[in-house]
Each structure stands twice: as C-alpha cells, then as structure tokens.
Amino acid sequence: MAKVIVVTSGKGGVGKTTTSAAFATGLALRGRKTVVVDFDVGLRNLDIVMDCERRVVYDFINVVKREAKLSEALIRDKRTKNLFILPTSQIQDKDALTKEGVERIIKELRRDFDYIVCDSPAGIEKGALMALYYADYAVLVTNPEIASVRDADRMLGLIQSKSRRAELGDEPMAQRLLITRYDAKRASRGEMLSVQDVEDILAIPLLGVIPESRSILRASNQGIPVILDKESDAGQAYTDAVARFLGGKVEHKFVQPSKPKFFQKVLGAWA
Amino acid sequence: MGMKRIYLNPFRSRVRSANIAKQRLSRIIAHERMQKNLPAFFPELQRDLLTVVSKYVDLERNEVSVLFANQDRRPSIELNVTLNETPKRKWAFR
Ligand SMILES: Nc1ncnc2c1ncn2[C@@H]1O[C@H](COP(=O)(O)OP(=O)(O)OP(=O)(O)O)[C@@H](O)[C@H]1O
Ligand SMILES: [Mg+2]
C-alpha cells in the first residue's frame with residue numbers, strides 16, 4: 001500500500017525542503033519507488049535542491065487544472081533510480097491548489113508509487129493544510145529553538161483536527177519528530193534546547209536528529225540531496241532516519257557532542 | 001581529469017561549490033526573467049511540439065523540455081530531447 005508522507009513544520013526555513021529531498025532520495029536508494037511533491041506554490045524551491053529546474057515543462061498546478069497529464073509533469077531524477085519529482089509552479093495564485101485536484105493526483109500517484117513525500121510550505125494556512133490533508137504519516141521538522149517548537153506544536157494540533165484521517169475518524173496520522181540544525185555542543189553547554197527538551201515538550205517519537213552542518217550548503221549549491229554525500233554527518237543522519245522510518249533500529253548519532261580525537265585515543269589506550 | 005573527479009565525487013571536488021551555485025543561479029534567474037515575456041502562443045507551441053516529439057519518443061522514459069530562453073541576448077525557443085532509451089522507431093541513418 002502506498003504511503004503519503006508530509007514534511008511539515010509550521011515555522012519557515014527550518015529544513016523541510018532539505019529534508020523532503022533527502023528523505024525521498026533515501027527511500028528511493030532503498031528500492032522504494034518514490035515521488036517528492038512540491039506543495040510550496042509560488043516559491044518552488046524543491047526543483048533547485050534537486051537540480052531539475054531546467055527540466056520543468058508542466059507542473060503540479062498544470063495537472064490540477066488539467067492542462068497537462070501527470071505523466072507529463074513528473075520528472076525522473078537523473079541521479080537516483082526509482083525517484084521522481086513533481087515540481088510546483090511559480091504562479092502566486094493561492095487558490096490554484098484545489099482539494100479535488102490534489103485528491104485526484106494523490107490517488108493517481110498512490111497507484112504508481114510506494115511513497116509520496118509532500119514538501120509543505122511554511123505557515124498554517126491553506127497550502128500547509130493541503131499538504132498534510134491526505135497524509136498517512138507526518139515528519140515534523142523542528143529546530144531546537146522556542147518559536148520553532150511552538151509552531152511545531154500548533155502543527156500537531158492541525159494534524160489531529162484538520163487532516164482527512166481526522167475528519168473521517170480513521171486511525172490517526174503517524175507523527176514523528178525530526179530535529180534539524182542541531183548543535184550538540186551548544187545543547188550540552190545549555191545554550192540551546194536539547195533533544196530531550198524538545199521530545200519532552202512535543203511528546204511524539206523521535207525519527208532523527210540532523211546536525212547543523214556545512215555539508216547542507218555544499219549540497220544545495222550543487223543541487224544534490226545531502227543524503228548522497230555519504231561521508232557527511234548530515235547525510236549519515238538522514239540515512240539513519242530513513243532506516244528508522246523503514247523499521248530499522250539505529251542508534252541516534254549526533255545527539256552528544258563528539259569527543260575530541262585526542263581524548264578518544266587516550267580513553268582507547270586505557271580500555 | 002578534473003571533470004572526472006567532479007563526476008566521481010562532487011562533494012569532495014576541488015571546484016568550489018559556490019562557483020557551481022553561481023552558474024546555476026544565473027541560468028535560473030535568466031530563465032525566470034524570460035518567463036515574464038512569454039509570447040502568447042508559447043503554451044500552444046509547447047503542447048504541439050510535445051505532441052510531435054511523443055510520436056517518436058516515450059515522454060515518460062526520456063527527458064523532453066521546451067523552454068523559452070535567451071540565446072546571445074535574443075529570445076529563443078529551446079527544445080531539448082535527451083534519450084535514456086532507444087527510440088520507438090529506429091532512426092534511419094543515411
Ligand atoms: N542541518 C542543517 N545544517 C545547516 N543548514 C541547514 C540545515 N538544514 C537546513 N539548512 C539550511 O536552512 C535553510 C532553510 O532550509 P530549507 O529550505 O530546507 O527550509 P524550509 O523549511 O523548506 O524553508 P521554507 O519554510 O521557506 O520552505 C537553507 O538555507 C538550508 O541550507
Ligand atoms: Mg521549503
């Protein structure tokens with residue numbers, strides 16, 4: 001059965017698009033046929049992170065308006081097998097996404113794909129609601145920072161009241177926490193909310209902790225999802241998050257500050 | 001050699017990723033600015049071109065794009081067809 005995953009946050013700029021690209025790529029790398037859908041109408045950033053901006057002819061909105069077929073709008077990723085992108089348009093018409101249109105497209109995608117990853121826009125308005133409405137699973141992206149955690153909590157409320165599952169009284173949407181831009185060192189010094197703090201407040205299971213990392217900018221400069229940078233800390237953290245999503249038991253890395261190499265050597269010599 | 005290296009591991013390449021970002025960005029911006037002056041006939045032309053191309057090439061398996069672009073500071077229409085598979089009909093080479 002196909003699964004619809006929404007990557008959402010409430011607050012803007014916390015790492016939803018970075019996460020959507022990495023997560024969808026990770027699922028495809030694990031052999032799942034995956035499509036990542038850009039719900040951020042008007043801004044359209046996913047195509048840039050995935051380096052397919054020059055290949056967009058028709059988009060999500062064209063398909064909603066029946067100006068193009070879904071197959072014409074889907075872009076096959078050039079790097080990763082099993083991965084497709086459904087870009088959105090840059091028109092600023094907020095009402096371009098209709099519930100009926102989105103429903104029809106999600107239904108069609110469910111027939112062809114194992115996973116449908118929806119990159120939500122920021123905010124708690126129509127666009128964000130549309131992105132979460134048909135989801136079976138929510139990845140709540142949060143930075144360890146007050147405003148972000150508060151917005152994430154509001155988002156949880158919306159998932160529990162405004163989703164299709166909630167409206168129909170079906171089994172509630174699964175909700176998982178993904179803490180991004182985490183600086184373990186600062187958290188350990190008490191300068192930043194810790195993973196435990198955020199978990200305590202939001203009280204949903206933790207899917208992963210993505211460290212604050214220079215590798216993210218390097219990846220987005222080139223238009224390559226960071227999960228393909230296997231040696232990077234953020235790439236590893238996303239790979240582990242995908243493994244957990246698929247049911248694997250993987251220890252959380254990057255939660256504790258890494259000890260200096262010298263210190264590890266001394267400890268190793270004693271052990 | 002240099003190119004090969006980039007291809008093998010773009011994350012460890014010596015080419016600064018900011019340079020790649022700037023190149024990509026200038027192409028993106030140039031393209032997006034062009035979209036404001038799209039000729040009225042463009043959507044139909046796009047549709048017609050795709051219909052013709054689809055007679056020969058599977059649009060789902062190959063990369064086909066029709067873009068309104070800028071070539072040497074003059075507006076141009078770009079049709080790109082990248083084949084991932086052999087065409088439906090064999091090309092007749094002469
Ligand atoms: N783990 C990280 N370490 C460092 N920088 C990061 C990390 N995650 C995301 N960023 C940076 O944060 C910025 C915002 O990321 P992104 O675009 O993914 O957020 P978003 O939630 O999709 O934003 P929006 O709400 O505008 O759609 C980007 O510049 C990105 O490179
Ligand atoms: Mg985004």
# chains A, B, ... in the order shown; residues from 1 in each chain; ligands from 1

$ interface_residues --of "chain A" --to "chain B" --cutoff "6 Å" --atoms "only C-alpha atoms" --output "ChimeraX atom specification"
/A:55,57,218,221-222

$ write_last_selection --atoms "C-alpha atoms" --output "short mmCIF file (atom, residue, chain, number, x, y, z; two decimals), in the first residue's frame"
data_model
loop_
_atom_site.label_atom_id
_atom_site.label_comp_id
_atom_site.auth_asym_id
_atom_site.auth_seq_id
_atom_site.Cartn_x
_atom_site.Cartn_y
_atom_site.Cartn_z
CA ARG A 55 13.57 20.35 -16.98
CA VAL A 57 7.74 21.94 -18.56
CA ARG A 218 27.63 22.45 -0.19
CA ASN A 221 24.89 24.80 -4.03
CA GLN A 222 25.24 21.87 -6.37
#

$ residues_near_ligand --ligand "ligand 2" --cutoff "8 Å" --atoms "only C-alpha atoms and all ligand atoms" --output "list in words"
Gly12, Gly13, Gly15, Lys16, Thr17, Thr18, Asp40, Arg44, Asn45, Leu46, Asp119, Ser120, Pro121 and Ala122 of chain A

$ residues_near_ligand --ligand "ligand 1" --cutoff "10 Å" --atoms "only C-alpha atoms and all ligand atoms" --output "JSON, numbers by chain"
{"A": [7, 8, 9, 10, 11, 12, 13, 14, 15, 16, 17, 18, 19, 20, 21, 22, 38, 39, 40, 43, 44, 45, 46, 49, 119, 120, 121, 122, 123, 141, 142, 143, 179, 180, 181, 182, 183, 209, 210, 211, 212, 213, 214, 215, 216, 217, 218, 219, 220, 221, 226, 233, 234, 235, 237, 238]}

$ atom_distance --atom1 "atom CA of Ile227 of chain A" --atom2 "atom CA of Gly127 of chain A"
26.5 Å

$ atom_distance --atom1 "atom CA of Ile106 of chain A" --atom2 "atom CA of Val52 of chain B"
28.7 Å

$ select_by_dssp --residues "segment 86-252 of chain A" --states "strand (DSSP E or B)" --output "list in words"
Leu86, Tyr115, Ile116, Val117, Cys118, Asp119, Tyr137, Ala138, Val139, Leu140, Val141, Thr142, Ala174, Gln175, Arg176, Leu177, Leu178, Ile179, Thr180, Arg181, Tyr182, Leu206, Leu207, Gly208, Val209, Ile210 and Pro211 of chain A

$ write_last_selection --atoms "C-alpha atoms" --output "PDB file, in the first residue's frame"
ATOM      1  CA  LEU A  86       6.585  16.702  -9.148  1.00  0.00           C
ATOM      2  CA  TYR A 115       5.944   6.600  -1.174  1.00  0.00           C
ATOM      3  CA  ILE A 116       4.666  10.081  -1.875  1.00  0.00           C
ATOM      4  CA  VAL A 117       6.672  12.708   0.008  1.00  0.00           C
ATOM      5  CA  CYS A 118       4.928  16.088   0.272  1.00  0.00           C
ATOM      6  CA  ASP A 119       7.137  19.123   0.888  1.00  0.00           C
ATOM      7  CA  TYR A 137       2.498   9.957   8.144  1.00  0.00           C
ATOM      8  CA  ALA A 138       3.886  13.304   9.261  1.00  0.00           C
ATOM      9  CA  VAL A 139       7.537  14.210   9.654  1.00  0.00           C
ATOM     10  CA  LEU A 140       7.526  17.240  11.911  1.00  0.00           C
ATOM     11  CA  VAL A 141      10.700  19.227  11.265  1.00  0.00           C
ATOM     12  CA  THR A 142      11.797  21.333  14.223  1.00  0.00           C
ATOM     13  CA  ALA A 174       1.542   8.732  12.465  1.00  0.00           C
ATOM     14  CA  GLN A 175       3.654  11.633  13.725  1.00  0.00           C
ATOM     15  CA  ARG A 176       7.420  11.655  14.069  1.00  0.00           C
ATOM     16  CA  LEU A 177       9.810  14.330  15.226  1.00  0.00           C
ATOM     17  CA  LEU A 178      12.868  15.299  13.179  1.00  0.00           C
ATOM     18  CA  ILE A 179      15.133  17.788  14.914  1.00  0.00           C
ATOM     19  CA  THR A 180      17.341  19.590  12.415  1.00  0.00           C
ATOM     20  CA  ARG A 181      20.210  22.072  12.675  1.00  0.00           C
ATOM     21  CA  TYR A 182      21.136  20.554  15.999  1.00  0.00           C
ATOM     22  CA  LEU A 206      11.864  10.850  17.559  1.00  0.00           C
ATOM     23  CA  LEU A 207      12.706   9.915  13.978  1.00  0.00           C
ATOM     24  CA  GLY A 208      16.109  11.564  13.857  1.00  0.00           C
ATOM     25  CA  VAL A 209      18.476  14.355  14.777  1.00  0.00           C
ATOM     26  CA  ILE A 210      20.178  16.142  11.894  1.00  0.00           C
ATOM     27  CA  PRO A 211      23.222  18.136  12.973  1.00  0.00           C
TER      28      PRO A 211
END

$ residues_around --residues "Arg186 of chain A" --least-positions-apart "6" --cutoff "12 Å" --atoms "only C-alpha atoms" --output "list in words"
Pro144, Glu145, Met192, Leu193, Ser194, Val195, Pro211, Glu212, Val255, Gln256, Pro257 and Ser258 of chain A

$ decode --residues "segment 34-76 of chain A" --atoms "C-alpha atoms" --output "mmCIF file, in the first residue's frame"
data_model
loop_
_atom_site.group_PDB
_atom_site.id
_atom_site.type_symbol
_atom_site.label_atom_id
_atom_site.label_comp_id
_atom_site.auth_asym_id
_atom_site.auth_seq_id
_atom_site.Cartn_x
_atom_site.Cartn_y
_atom_site.Cartn_z
ATOM 1 C CA THR A 34 9.190 7.410 -4.556
ATOM 2 C CA VAL A 35 7.886 10.760 -5.722
ATOM 3 C CA VAL A 36 8.544 14.047 -3.960
ATOM 4 C CA VAL A 37 5.837 16.660 -4.481
ATOM 5 C CA ASP A 38 6.401 20.393 -4.030
ATOM 6 C CA PHE A 39 3.386 21.948 -2.291
ATOM 7 C CA ASP A 40 5.064 25.333 -1.902
ATOM 8 C CA VAL A 41 3.140 27.044 -4.693
ATOM 9 C CA GLY A 42 4.605 30.358 -5.764
ATOM 10 C CA LEU A 43 8.068 29.785 -4.339
ATOM 11 C CA ARG A 44 9.149 26.466 -5.773
ATOM 12 C CA ASN A 45 12.461 25.524 -4.190
ATOM 13 C CA LEU A 46 12.469 21.776 -4.452
ATOM 14 C CA ASP A 47 13.475 21.775 -8.121
ATOM 15 C CA ILE A 48 16.576 23.739 -7.212
ATOM 16 C CA VAL A 49 17.573 21.437 -4.379
ATOM 17 C CA MET A 50 17.074 18.506 -6.758
ATOM 18 C CA ASP A 51 18.748 20.256 -9.710
ATOM 19 C CA CYS A 52 15.926 19.767 -12.178
ATOM 20 C CA GLU A 53 14.777 23.370 -12.625
ATOM 21 C CA ARG A 54 15.661 23.414 -16.314
ATOM 22 C CA ARG A 55 13.569 20.346 -16.980
ATOM 23 C CA VAL A 56 10.237 21.656 -15.724
ATOM 24 C CA VAL A 57 7.743 21.942 -18.562
ATOM 25 C CA TYR A 58 4.490 21.141 -16.810
ATOM 26 C CA ASP A 59 3.960 21.196 -13.076
ATOM 27 C CA PHE A 60 1.613 20.194 -10.264
ATOM 28 C CA ILE A 61 -0.714 23.152 -10.940
ATOM 29 C CA ASN A 62 -0.958 22.363 -14.660
ATOM 30 C CA VAL A 63 -2.066 18.879 -13.681
ATOM 31 C CA VAL A 64 -4.571 20.217 -11.142
ATOM 32 C CA LYS A 65 -6.005 22.461 -13.850
ATOM 33 C CA ARG A 66 -5.999 19.561 -16.315
ATOM 34 C CA GLU A 67 -3.672 21.420 -18.654
ATOM 35 C CA ALA A 68 -1.251 18.502 -18.598
ATOM 36 C CA LYS A 69 -1.208 14.842 -17.701
ATOM 37 C CA LEU A 70 0.501 13.715 -14.545
ATOM 38 C CA SER A 71 2.975 11.700 -16.603
ATOM 39 C CA GLU A 72 3.984 14.871 -18.434
ATOM 40 C CA ALA A 73 4.710 16.741 -15.235
ATOM 41 C CA LEU A 74 6.642 14.020 -13.385
ATOM 42 C CA ILE A 75 10.403 14.426 -13.696
ATOM 43 C CA ARG A 76 12.572 11.354 -13.450
#
